[in-house]
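Peer 1: Sharing upload-v8.tsv below, TSV, C-alpha atoms:
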```tsv
chain	number	residue	atom	x	y	z
K	14	MET	CA	0.14	10.16	1.58
K	15	SER	CA	-1.82	8.23	4.20
K	16	LEU	CA	-0.55	7.01	7.55
K	17	ALA	CA	-0.49	3.48	6.09
K	18	ASP	CA	1.80	4.69	3.27
K	19	SER	CA	4.36	5.97	5.78
K	20	VAL	CA	4.80	2.46	7.18
K	21	LEU	CA	7.41	0.15	5.64
K	22	ALA	CA	5.81	-3.27	6.09
K	23	VAL	CA	7.22	-5.20	3.12
K	24	ASN	CA	10.99	-4.79	3.01
K	25	ASN	CA	12.15	-7.80	0.96
K	26	ASP	CA	11.08	-6.55	-2.48
K	27	LEU	CA	13.51	-3.67	-3.05
K	28	PRO	CA	15.23	-3.75	-6.48
K	29	ILE	CA	18.71	-4.09	-5.01
K	30	ARG	CA	21.33	-5.97	-7.02
K	31	THR	CA	22.17	-9.07	-4.97
K	32	ALA	CA	24.29	-12.20	-5.06
K	33	GLY	CA	21.43	-14.48	-4.03
K	34	PRO	CA	18.00	-14.64	-2.42
K	35	VAL	CA	16.93	-12.01	0.10
K	36	HIS	CA	16.82	-13.29	3.67
K	37	SER	CA	13.74	-11.89	5.41
K	38	GLY	CA	13.21	-12.18	9.17
K	39	LYS	CA	10.44	-10.94	11.42
K	40	VAL	CA	11.72	-7.36	11.32
K	41	ARG	CA	14.77	-7.06	9.02
K	42	SER	CA	15.57	-8.16	5.47
K	43	VAL	CA	19.15	-8.79	4.36
K	44	TYR	CA	20.35	-8.28	0.77
K	45	TRP	CA	23.79	-9.84	0.23
K	46	LEU	CA	25.64	-7.82	-2.38
K	47	THR	CA	27.62	-9.18	-5.30
K	48	GLU	CA	31.36	-9.54	-4.81
K	49	ALA	CA	31.93	-6.74	-7.33
K	50	ASP	CA	29.63	-4.32	-5.52
K	51	SER	CA	31.11	-5.22	-2.13
K	52	ARG	CA	34.64	-4.57	-3.36
K	53	ARG	CA	33.55	-1.31	-5.06
K	54	LEU	CA	31.88	0.06	-1.93
K	55	ILE	CA	34.80	-0.93	0.31
K	56	ARG	CA	37.15	0.91	-2.04
K	57	ASP	CA	34.99	3.96	-2.84
K	58	LYS	CA	33.51	4.51	0.62
K	59	GLY	CA	36.71	3.69	2.51
K	60	TYR	CA	35.21	1.04	4.80
K	61	ASP	CA	37.82	-0.22	7.26
K	62	VAL	CA	37.56	-3.91	6.35
K	63	PRO	CA	39.52	-6.32	4.12
K	64	GLU	CA	38.83	-5.74	0.43
K	65	ASP	CA	37.21	-9.18	0.00
K	66	THR	CA	34.70	-8.77	2.87
K	67	PRO	CA	31.13	-9.67	1.82
K	68	LEU	CA	28.70	-6.80	2.46
K	69	ALA	CA	24.94	-6.67	2.81
K	70	ILE	CA	22.20	-4.08	2.80
K	71	MET	CA	20.05	-4.58	5.90
K	72	VAL	CA	16.60	-2.96	5.71
K	73	ILE	CA	14.42	-2.71	8.78
K	74	SER	CA	10.63	-2.74	8.61
K	75	ASP	CA	7.89	-1.24	10.76
K	76	ARG	CA	6.24	-4.64	11.24
K	77	ILE	CA	5.47	-5.66	14.79
K	78	SER	CA	5.64	-9.24	15.96
K	79	ALA	CA	4.60	-10.73	19.28
K	80	PHE	CA	4.03	-14.31	20.36
K	81	ASP	CA	5.69	-15.38	17.05
K	82	CYS	CA	3.03	-13.65	14.94
K	83	ILE	CA	2.86	-10.44	12.90
K	84	PHE	CA	0.01	-8.11	13.88
K	85	HIS	CA	-1.69	-5.29	11.95
K	86	GLY	CA	-4.09	-2.43	12.65
K	87	GLU	CA	-7.19	-0.70	11.39
K	88	GLY	CA	-6.99	1.38	8.22
K	89	ASP	CA	-4.67	-1.16	6.55
K	90	LEU	CA	-1.91	-0.22	8.97
K	91	GLN	CA	0.59	-3.06	8.48
K	92	GLY	CA	3.08	-1.88	11.08
K	93	ILE	CA	3.93	0.76	13.67
K	94	PRO	CA	4.70	4.26	12.34
K	95	GLY	CA	8.24	5.25	13.27
K	96	LYS	CA	9.14	1.87	14.77
K	97	GLY	CA	11.87	0.86	12.30
K	98	ALA	CA	13.62	4.21	12.34
K	99	ALA	CA	13.39	4.28	16.16
K	100	LEU	CA	14.98	0.83	16.54
K	101	ASN	CA	17.83	1.70	14.18
K	102	ALA	CA	18.45	5.07	15.85
K	103	ILE	CA	18.62	3.51	19.32
K	104	SER	CA	21.00	0.75	18.19
K	105	ASN	CA	23.19	3.26	16.33
K	106	HIS	CA	23.46	5.34	19.50
K	107	TRP	CA	24.46	2.40	21.73
K	108	PHE	CA	26.91	0.95	19.19
K	109	LYS	CA	28.69	4.32	19.06
K	110	LEU	CA	28.71	4.53	22.86
K	111	PHE	CA	30.21	1.03	23.08
K	112	LYS	CA	32.99	2.03	20.70
K	113	ASP	CA	33.58	5.29	22.59
K	114	ASN	CA	33.94	3.22	25.78
K	115	GLY	CA	36.52	0.93	24.18
K	116	LEU	CA	34.31	-2.18	24.16
K	117	ALA	CA	33.97	-3.54	20.61
K	118	ASP	CA	32.89	-2.65	17.09
K	119	SER	CA	29.57	-3.61	15.52
K	120	HIS	CA	28.73	-5.13	12.14
K	121	ILE	CA	27.55	-1.73	10.81
K	122	LEU	CA	29.81	0.06	8.30
K	123	ASP	CA	27.45	2.74	6.97
K	124	ILE	CA	23.96	4.19	7.54
K	125	PRO	CA	22.61	5.45	4.20
K	126	HIS	CA	19.03	6.00	5.48
K	127	PRO	CA	17.22	5.79	8.85
K	128	PHE	CA	15.84	2.38	7.79
K	129	VAL	CA	19.07	1.01	6.28
K	130	TRP	CA	22.42	-0.34	7.43
K	131	ILE	CA	25.33	-1.50	5.30
K	132	VAL	CA	26.88	-4.36	7.27
K	133	GLN	CA	29.84	-6.69	6.97
K	134	LYS	CA	29.38	-10.46	7.04
K	135	ALA	CA	30.16	-12.00	10.41
K	136	ARG	CA	30.47	-15.51	11.77
K	137	PRO	CA	27.70	-15.56	14.37
K	138	ILE	CA	27.92	-16.91	17.90
K	139	LYS	CA	24.98	-19.29	18.25
K	140	VAL	CA	24.00	-17.93	21.65
K	141	GLU	CA	21.26	-15.48	22.60
K	142	ALA	CA	23.23	-13.49	25.16
K	143	ILE	CA	20.68	-12.42	27.77
K	144	CYS	CA	21.48	-10.17	30.73
K	145	ARG	CA	19.03	-9.63	33.61
K	146	GLN	CA	19.09	-6.97	36.31
K	147	TYR	CA	15.57	-7.64	37.68
K	148	ILE	CA	13.46	-10.78	38.17
K	149	THR	CA	10.42	-10.58	35.93
K	150	GLY	CA	8.89	-12.26	32.90
K	151	SER	CA	9.73	-15.91	32.26
K	152	MET	CA	12.31	-16.02	35.06
K	153	TRP	CA	9.75	-14.82	37.61
K	154	ARG	CA	7.10	-17.27	36.36
K	155	ALA	CA	9.53	-20.17	36.80
K	156	TYR	CA	10.74	-18.87	40.17
K	157	ALA	CA	7.16	-18.53	41.41
K	158	LYS	CA	6.64	-22.22	40.54
K	159	GLY	CA	9.59	-23.19	42.73
K	160	GLU	CA	12.51	-23.25	40.28
K	161	ARG	CA	15.72	-21.86	41.74
K	162	VAL	CA	18.41	-22.80	39.20
K	163	PHE	CA	18.53	-20.87	35.92
K	164	CYS	CA	21.23	-21.49	33.34
K	165	GLY	CA	23.41	-23.04	36.04
K	166	ILE	CA	22.88	-20.11	38.44
K	167	THR	CA	21.15	-20.68	41.80
K	168	LEU	CA	18.89	-17.84	42.93
K	169	PRO	CA	18.30	-17.14	46.63
K	170	GLU	CA	14.98	-17.69	48.39
K	171	GLY	CA	12.63	-14.84	49.14
K	172	LEU	CA	12.82	-12.84	45.91
K	173	GLU	CA	9.72	-10.87	44.95
K	174	LYS	CA	8.32	-10.12	41.51
K	175	ASP	CA	10.06	-7.26	39.68
K	176	GLN	CA	12.71	-6.69	42.36
K	177	GLN	CA	16.34	-6.01	41.53
K	178	LEU	CA	18.48	-9.13	41.54
K	179	PRO	CA	21.47	-9.42	43.91
K	180	GLU	CA	23.78	-9.22	40.89
K	181	LEU	CA	23.65	-8.83	37.13
K	182	LEU	CA	22.95	-12.29	35.68
K	183	ILE	CA	23.85	-13.82	32.32
K	184	THR	CA	21.19	-16.36	31.32
K	185	PRO	CA	22.04	-17.49	27.78
K	186	SER	CA	19.88	-19.55	25.44
K	187	THR	CA	20.44	-21.25	22.09
K	188	LYS	CA	20.19	-19.28	18.86
K	189	GLY	CA	18.78	-21.65	16.27
K	190	ILE	CA	18.51	-25.41	16.45
K	191	LEU	CA	21.83	-26.96	17.47
K	192	THR	CA	22.43	-30.69	17.19
K	193	GLY	CA	24.74	-33.12	18.91
K	194	ILE	CA	25.41	-31.09	22.06
K	195	PRO	CA	25.08	-33.26	25.19
K	196	GLY	CA	22.29	-32.09	27.49
K	197	VAL	CA	21.06	-29.36	25.10
K	198	PRO	CA	17.68	-30.06	23.46
K	199	GLU	CA	17.62	-29.77	19.67
K	200	GLN	CA	15.30	-26.77	19.55
K	201	ASP	CA	15.57	-23.01	19.29
K	202	ASP	CA	15.74	-20.77	22.34
K	203	VAL	CA	16.42	-23.22	25.16
K	204	ASN	CA	18.31	-22.18	28.28
K	205	ILE	CA	21.95	-23.19	28.54
K	206	SER	CA	24.68	-22.67	31.12
K	207	ARG	CA	28.21	-21.37	30.92
K	208	ALA	CA	29.34	-24.96	31.57
K	209	ASP	CA	27.44	-26.06	28.42
K	210	ILE	CA	29.23	-23.37	26.41
K	211	GLU	CA	32.68	-24.18	27.83
K	212	ALA	CA	32.30	-27.91	27.12
K	213	ASN	CA	31.10	-27.32	23.54
K	214	TYR	CA	32.51	-23.90	22.65
K	215	GLN	CA	33.10	-24.69	18.97
K	216	ALA	CA	29.55	-26.01	18.51
K	217	PHE	CA	28.29	-22.66	19.80
K	218	GLY	CA	30.51	-20.77	17.34
K	219	PHE	CA	33.32	-19.66	19.65
K	220	GLU	CA	36.70	-19.82	17.93
K	221	LYS	CA	38.77	-19.84	21.15
K	222	PRO	CA	37.84	-20.94	24.68
K	223	GLU	CA	39.08	-17.65	26.12
K	224	ASP	CA	36.55	-15.77	23.98
K	225	ILE	CA	33.84	-16.97	26.36
K	226	ASP	CA	35.30	-14.61	28.97
K	227	LEU	CA	35.42	-11.81	26.39
K	228	TYR	CA	31.79	-12.41	25.37
K	229	GLU	CA	30.69	-12.18	29.01
K	230	LYS	CA	32.78	-9.02	29.52
K	231	LEU	CA	31.29	-7.33	26.44
K	232	LEU	CA	27.81	-8.39	27.48
K	233	LYS	CA	28.05	-7.13	31.07
K	234	GLU	CA	29.93	-3.94	30.24
K	235	GLY	CA	27.61	-3.18	27.33
K	236	PHE	CA	24.64	-3.70	29.64
K	237	ARG	CA	26.12	-1.37	32.25
K	238	VAL	CA	26.86	1.35	29.67
K	239	ILE	CA	23.23	1.32	28.52
K	240	SER	CA	21.86	1.01	32.05
K	241	ALA	CA	23.84	4.03	33.25
K	242	ALA	CA	22.75	6.14	30.26
K	243	LEU	CA	19.08	5.18	30.72
K	244	ALA	CA	19.26	5.90	34.45
K	245	LYS	CA	20.12	9.52	33.61
K	246	LEU	CA	16.80	9.58	31.70
K	247	ASP	CA	15.01	8.03	34.70
K	248	GLN	CA	14.50	4.76	32.82
K	249	VAL	CA	15.24	1.34	34.29
K	250	PHE	CA	17.14	-1.12	32.08
K	251	VAL	CA	15.57	-4.41	33.20
K	252	ASP	CA	16.93	-7.06	30.85
K	253	THR	CA	18.15	-7.38	27.30
K	254	LYS	CA	19.42	-9.68	24.57
K	255	PHE	CA	22.73	-9.15	22.76
K	256	GLU	CA	24.17	-11.06	19.82
K	257	PHE	CA	27.83	-11.47	18.92
K	258	GLY	CA	29.90	-12.65	15.99
K	259	TYR	CA	33.40	-12.71	14.54
K	260	VAL	CA	34.82	-10.65	11.70
K	261	THR	CA	38.33	-10.55	10.25
K	262	ASP	CA	40.20	-7.23	10.38
K	263	LYS	CA	42.63	-5.85	7.80
K	264	GLN	CA	45.54	-7.57	9.53
K	265	GLY	CA	43.81	-10.93	9.18
K	266	ASN	CA	42.92	-11.23	12.86
K	267	ALA	CA	39.56	-12.49	14.10
K	268	LYS	CA	37.76	-10.12	16.45
K	269	LEU	CA	34.51	-10.41	18.38
K	270	ILE	CA	31.89	-7.75	17.61
K	271	TYR	CA	28.34	-6.80	18.54
K	272	MET	CA	25.67	-7.79	16.00
K	273	ASP	CA	21.97	-7.30	15.27
K	274	GLU	CA	20.37	-4.63	17.46
K	275	VAL	CA	21.14	-3.61	21.04
K	276	GLY	CA	19.23	-1.94	23.85
K	277	THR	CA	16.03	-1.43	21.88
K	278	PRO	CA	12.40	-1.76	22.99
K	279	ASP	CA	12.26	-4.93	20.86
K	280	SER	CA	15.25	-6.65	22.48
K	281	SER	CA	14.94	-5.29	26.02
K	282	ARG	CA	12.60	-4.48	28.86
K	283	ILE	CA	12.71	-0.83	29.89
K	284	TRP	CA	10.63	0.54	32.79
K	285	ASP	CA	9.75	4.10	33.71
K	286	GLY	CA	11.86	4.99	36.77
K	287	ALA	CA	9.36	7.27	38.52
K	288	ALA	CA	6.57	4.68	38.25
K	289	TYR	CA	8.85	1.90	39.51
K	290	ARG	CA	9.69	3.89	42.63
K	291	GLU	CA	5.96	4.11	43.31
K	292	GLY	CA	5.60	0.35	43.01
K	293	LYS	CA	4.11	0.38	39.52
K	294	ILE	CA	5.42	-1.06	36.25
K	295	VAL	CA	5.13	1.14	33.17
K	296	GLU	CA	6.63	-0.70	30.19
K	297	ASN	CA	8.58	1.36	27.65
K	298	SER	CA	9.23	-1.63	25.42
K	299	LYS	CA	7.44	-4.23	23.32
K	300	GLU	CA	6.41	-5.96	26.54
K	301	GLY	CA	3.72	-3.28	26.83
K	302	PHE	CA	2.31	-4.38	23.47
K	303	ARG	CA	2.39	-8.01	24.55
K	304	GLN	CA	0.44	-7.13	27.70
K	305	PHE	CA	-2.08	-5.20	25.60
K	306	LEU	CA	-2.67	-8.26	23.41
K	307	LEU	CA	-3.17	-10.51	26.44
K	308	HIS	CA	-5.88	-8.16	27.71
K	309	HIS	CA	-7.38	-7.34	24.29
K	310	PHE	CA	-8.28	-10.87	23.26
K	311	PRO	CA	-10.81	-12.76	25.40
K	312	ASP	CA	-8.78	-15.99	25.54
K	313	PRO	CA	-5.13	-15.14	26.31
K	314	ASP	CA	-4.24	-18.83	26.39
K	315	VAL	CA	-4.24	-18.75	22.58
K	316	LEU	CA	-1.23	-16.40	22.76
K	317	LEU	CA	0.57	-18.34	25.48
K	318	ASN	CA	-0.07	-21.95	24.52
K	319	LYS	CA	2.30	-23.23	21.81
K	320	ASP	CA	-0.10	-26.09	21.12
K	321	ARG	CA	-2.62	-23.54	19.80
K	322	MET	CA	-0.28	-21.96	17.23
K	323	SER	CA	-2.71	-22.32	14.31
K	324	GLU	CA	-5.39	-20.47	16.30
K	325	ARG	CA	-2.87	-17.80	17.25
K	326	GLU	CA	-1.86	-17.25	13.62
K	327	ALA	CA	-5.52	-16.91	12.64
K	328	LEU	CA	-6.07	-14.44	15.48
K	329	ALA	CA	-3.24	-12.22	14.24
K	330	ARG	CA	-4.28	-12.56	10.60
K	331	ASP	CA	-8.00	-11.93	11.03
K	332	ASN	CA	-8.08	-9.15	13.63
K	333	ALA	CA	-7.10	-5.56	12.89
K	334	LEU	CA	-6.03	-3.93	16.14
K	335	PRO	CA	-7.48	-0.54	17.15
K	336	LEU	CA	-5.67	2.44	15.66
K	337	ASP	CA	-5.21	4.08	19.06
K	338	ALA	CA	-3.42	0.94	20.32
K	339	MET	CA	-1.06	0.94	17.33
K	340	MET	CA	-0.31	4.65	17.79
K	341	ALA	CA	0.34	4.11	21.51
K	342	VAL	CA	3.04	1.61	20.54
K	343	SER	CA	4.40	4.16	18.05
K	344	ARG	CA	4.67	6.75	20.82
K	345	THR	CA	6.49	4.25	23.04
K	346	TYR	CA	9.12	3.43	20.41
K	347	THR	CA	9.69	6.95	19.12
K	348	GLY	CA	9.58	8.36	22.67
K	349	VAL	CA	12.35	6.04	23.87
K	350	ALA	CA	14.41	6.78	20.75
K	351	GLU	CA	14.05	10.53	21.13
K	352	LYS	CA	15.02	10.35	24.83
K	353	VAL	CA	18.06	8.19	24.08
K	354	THR	CA	19.36	10.06	21.04
K	355	GLY	CA	18.15	13.56	21.86
K	356	ASN	CA	16.82	13.89	18.30
K	357	PRO	CA	13.36	13.61	16.70
K	358	ILE	CA	12.65	10.39	14.81
K	359	PRO	CA	11.87	11.02	11.13
K	360	LEU	CA	8.64	9.66	9.69
K	361	PRO	CA	9.12	9.63	5.88
K	362	ALA	CA	5.96	9.85	3.79
K	363	ASN	CA	7.21	7.10	1.49
K	364	PRO	CA	10.25	5.35	3.01
K	365	LYS	CA	10.59	2.73	0.26
K	366	ALA	CA	10.89	5.36	-2.46
K	367	ASP	CA	13.44	7.28	-0.37
K	368	ILE	CA	15.56	4.15	0.19
K	369	ILE	CA	15.56	3.26	-3.51
K	370	LYS	CA	16.59	6.80	-4.49
K	371	ILE	CA	19.52	6.89	-2.05
K	372	LEU	CA	20.77	3.41	-2.93
K	373	ARG	CA	20.54	4.27	-6.64
K	374	ASP	CA	22.04	7.79	-6.57
K	375	GLU	CA	24.70	7.39	-3.88
K	376	TYR	CA	25.54	3.67	-3.93
K	377	GLU	CA	24.65	2.47	-7.49
K	378	LEU	CA	22.95	-0.67	-6.15
K	379	ILE	CA	19.53	-0.46	-7.78
K	380	VAL	CA	18.80	-2.60	-10.85
```
What does the file become when written as structure tokens?
Peer 2:
Amino acid sequence: MSLADSVLAVNNDLPIRTAGPVHSGKVRSVYWLTEADSRRLIRDKGYDVPEDTPLAIMVISDRISAFDCIFHGEGDLQGIPGKGAALNAISNHWFKLFKDNGLADSHILDIPHPFVWIVQKARPIKVEAICRQYITGSMWRAYAKGERVFCGITLPEGLEKDQQLPELLITPSTKGILTGIPGVPEQDDVNISRADIEANYQAFGFEKPEDIDLYEKLLKEGFRVISAALAKLDQVFVDTKFEFGYVTDKQGNAKLIYMDEVGTPDSSRIWDGAAYREGKIVENSKEGFRQFLLHHFPDPDVLLNKDRMSEREALARDNALPLDAMMAVSRTYTGVAEKVTGNPIPLPANPKADIIKILRDEYELIV
């Protein structure tokens, strides 16, 4: 098998028995199971959820997106070797650590394969929960232009690029396009404040006003758990995005849980600690890939200017990136995962065939 064969790029064509169309995002595809299969798995596998809970198979890919485009490499390499398994392994590790620390459960019920989660359906909070420990990226660019108020928080004067902030900040943004909320533009990923959430908590998906406090507690404490663990590995947890949702437990009570992925190189900035102490930034996250792209193409404005989206899409479609650049990203993702988990990241020769075999033999979900 070639290196290209080891990459799972297309993950929405698996012959899994479903109750409807497959939902495919930039990285993951979600297969909602039939009611009969959901009930059978809950019963046979002993999942700790109500018997009528809808379940889904969530399959990660090795695709890599940046600047809202999917990129590929030489040799028909349609993704990053090891990336999907690395992201899942890191999230699995943090979710378990959260539970061990008494924070909250996640949406994951089972892990049949390094690329696959079995998840329960949740009612999502429509907020990208972002936590920042350092001023960098978009916040620094705005600060350097004179902005001092972010998501209702006023920053002090005199901050320098990449320095640690005086306190851990929550700077939420919208998840999806929300309509009819005063002062909140009807577009995806716009900054909002806690005051916006409090005044419109139901529009943002919160079921009780007091759950806003719980969401902030789970966000900050989850951040601190990951930050402390990474510090032991001499890695700096810079900022991250969490997602939350509600599920119903066996007693019929709603509870807030962690969703999606957490603390990964895709959803976070992670810096090398030794380099940071020397005044240098070494990115151990997807931000390193973004910086590579900005230097690789002669006109970086194509990647940064939303008005040039058609040019950007053509750039990603028509240019195969150098193999050594793709493998450098692979080493970043698998390196972080191996540090975090203490285990090597598997690189199956044919992940799609492996997934189909497991879901057929052990879960009876293949048609």
Peer 1: Any chance you could tabulate, as CSV, the residues of region 163-272 of chain K at most 12 Å from region 283-291 of chain K with each one's nearest atom pair and distance in Å to one decimal, using all atoms listed in the file, in chain and rising number order?
Peer 2:
```
residue,atom,partner,partner_atom,distance
K:Asp175,CA,K:Tyr289,CA,9.2
K:Gln176,CA,K:Tyr289,CA,9.8
K:Gln177,CA,K:Tyr289,CA,11.1
K:Ile239,CA,K:Ile283,CA,10.8
K:Ser240,CA,K:Ile283,CA,9.6
K:Leu243,CA,K:Ile283,CA,8.8
K:Ala244,CA,K:Gly286,CA,7.8
K:Lys245,CA,K:Gly286,CA,9.9
K:Leu246,CA,K:Gly286,CA,8.4
K:Asp247,CA,K:Gly286,CA,4.8
K:Gln248,CA,K:Gly286,CA,4.8
K:Val249,CA,K:Trp284,CA,4.9
K:Phe250,CA,K:Ile283,CA,5.0
K:Val251,CA,K:Ile283,CA,5.7
K:Asp252,CA,K:Ile283,CA,7.6
K:Thr253,CA,K:Ile283,CA,8.9
```
Peer 1: So that I can check the surroundings of Val380 (chain K), please list as a count of residues only every protein, DNA and RNA residue that reaches within 8 Å of it, counting only C-alpha atoms and ignoring chain neighbours fewer than 3 positions away.
Peer 2: 3
Peer 1: Please, which residues in region 18-128 of chain K fall within 12 Å of region 135-155 of chain K when counting all atoms listed in the file, and what is the closest atom pair and distance in Å to one decimal for each, ordered by chain then residue number, as a Markdown table?
Peer 2:
```
| residue | atom | partner | partner_atom | distance |
| --- | --- | --- | --- | --- |
| K:Val62 | CA | K:Ala135 | CA | 11.7 |
| K:Thr66 | CA | K:Ala135 | CA | 9.4 |
| K:Pro67 | CA | K:Ala135 | CA | 9.0 |
| K:Leu68 | CA | K:Ala135 | CA | 9.6 |
| K:Ala69 | CA | K:Ala135 | CA | 10.6 |
| K:Asp118 | CA | K:Ala135 | CA | 11.8 |
| K:Ser119 | CA | K:Ala135 | CA | 9.8 |
| K:His120 | CA | K:Ala135 | CA | 7.2 |
| K:Ile121 | CA | K:Ala135 | CA | 10.6 |
```
Peer 1: What is the CA of Asn297 (chain K) to CA of Ser343 (chain K) distance in Å?
Peer 2: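 Separating CA of Asn297 (chain K) from CA of Ser343 (chain K) is a distance of 10.8 Å.
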Peer 1: Could you check which of K:Arg41, K:Asn105, K:Glu48, K:Gly95 is closest to Ala362 (chain K), using all atoms listed in the file?
Peer 2: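 Ranking K:Arg41, K:Asn105, K:Glu48, K:Gly95 by distance to Ala362 (chain K), first place goes to K:Gly95.
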Peer 1: Measuring atom to atom with only C-alpha atoms, identify which of K:Val132, K:Ala102, K:Ile93, K:Ile225 is nearest to Lys352 (chain K).
Peer 2: K:Ala102
Peer 1: When you draw a straight line from CA of Leu46 (chain K) to CA of Ala32 (chain K), how long is it in Å?
Peer 2: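 Answer for the CA of Leu46 (chain K) to CA of Ala32 (chain K) separation: 5.3 Å.
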Peer 1: At a cut-off of 8 Å, using only C-alpha atoms, what residues contact region 34-36 of chain K? Leave out same-chain residues fewer than 4 positions from it and give the result as a PyMOL selection string.
Peer 2: chain K and resi 25+42-45
Peer 1: If we count only C-alpha atoms and set the cut-off at 12 Å, which residues sit around Ala212 (chain K), ignoring sequence neighbours fewer than 5 positions away in its own chain? Please answer as a ChimeraX atom specification.
Peer 2: /K:194-197,205-207,217,219,221-222,225
Peer 1: Store the residues picked out above, limited to C-alpha atoms, as a tab-separated table (two decimals), in the coordinates of the input.
Peer 2:
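And here's out.tsv as it stands now:
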```tsv
chain	number	residue	atom	x	y	z
K	194	ILE	CA	25.41	-31.09	22.06
K	195	PRO	CA	25.08	-33.26	25.19
K	196	GLY	CA	22.29	-32.09	27.49
K	197	VAL	CA	21.06	-29.36	25.10
K	205	ILE	CA	21.95	-23.19	28.54
K	206	SER	CA	24.68	-22.67	31.12
K	207	ARG	CA	28.21	-21.37	30.92
K	217	PHE	CA	28.29	-22.66	19.80
K	219	PHE	CA	33.32	-19.66	19.65
K	221	LYS	CA	38.77	-19.84	21.15
K	222	PRO	CA	37.84	-20.94	24.68
K	225	ILE	CA	33.84	-16.97	26.36
```
Peer 1: Got a sec: who's within 12 Å of Phe302 (chain K), counting all atoms listed in the file, leaving out chain neighbours fewer than 4 positions off, as a list of chain:residue names?
Peer 2: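 Once the adjacent positions are removed, what remains is K:Ile77, K:Ser78, K:Ala79, K:Phe80, K:Phe84, K:Ile93, K:Pro278, K:Asp279, K:Arg282, K:Val295, K:Glu296, K:Asn297, K:Ser298, K:Leu306, K:Leu307, K:His308, K:His309, K:Leu334, K:Ala338, K:Met339, K:Met340, K:Ala341, K:Val342, K:Ser343, K:Arg344, K:Thr345, K:Tyr346.
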Peer 1: Work out how far CA of Pro179 (chain K) is from CA of Ala117 (chain K), in Å to one decimal.
Peer 2: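 Between CA of Ala117 (chain K) and CA of Pro179 (chain K) the gap is 27.1 Å.
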Peer 1: Set the distance at 9 Å and use only C-alpha atoms: which residues neighbour Glu64 (chain K) once local chain neighbours fewer than 2 positions away are removed? I'd like the list as a list of chain:residue names.
Peer 2: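 Everything that qualifies: K:Ser51, K:Arg52, K:Arg53, K:Ile55, K:Arg56, K:Tyr60, K:Asp61, K:Val62, K:Thr66, K:Pro67, K:Lys263.
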Peer 1: Just checking: using only C-alpha atoms, which residue out of K:Val260, K:Leu16, K:Leu181, K:Ala99 ends up closest to Leu232 (chain K)?
Peer 2: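 Closest to Leu232 (chain K) of all the choices is K:Leu181.
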Peer 1: Determine the nearest neighbour of Asp209 (chain K) from the options K:Cys164, K:Pro311, K:Gly171, K:Glu223, counting only C-alpha atoms.
Peer 2: K:Cys164
Peer 1: I'd like to know which of K:Glu220, K:Glu229, K:Asp18, K:Glu351 is closest to His106 (chain K), using all atoms listed in the file.
Peer 2: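 Looking at the shortest contact to His106 (chain K), the residue is K:Glu351.
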Peer 1: Nearest to Met272 (chain K) among K:Gln304, K:Phe108, K:Gln91, K:Leu316, with distances taken over only C-alpha atoms: which residue is it?
Peer 2: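 Going through K:Gln304, K:Phe108, K:Gln91, K:Leu316 one by one, the smallest distance to Met272 (chain K) is for K:Phe108.
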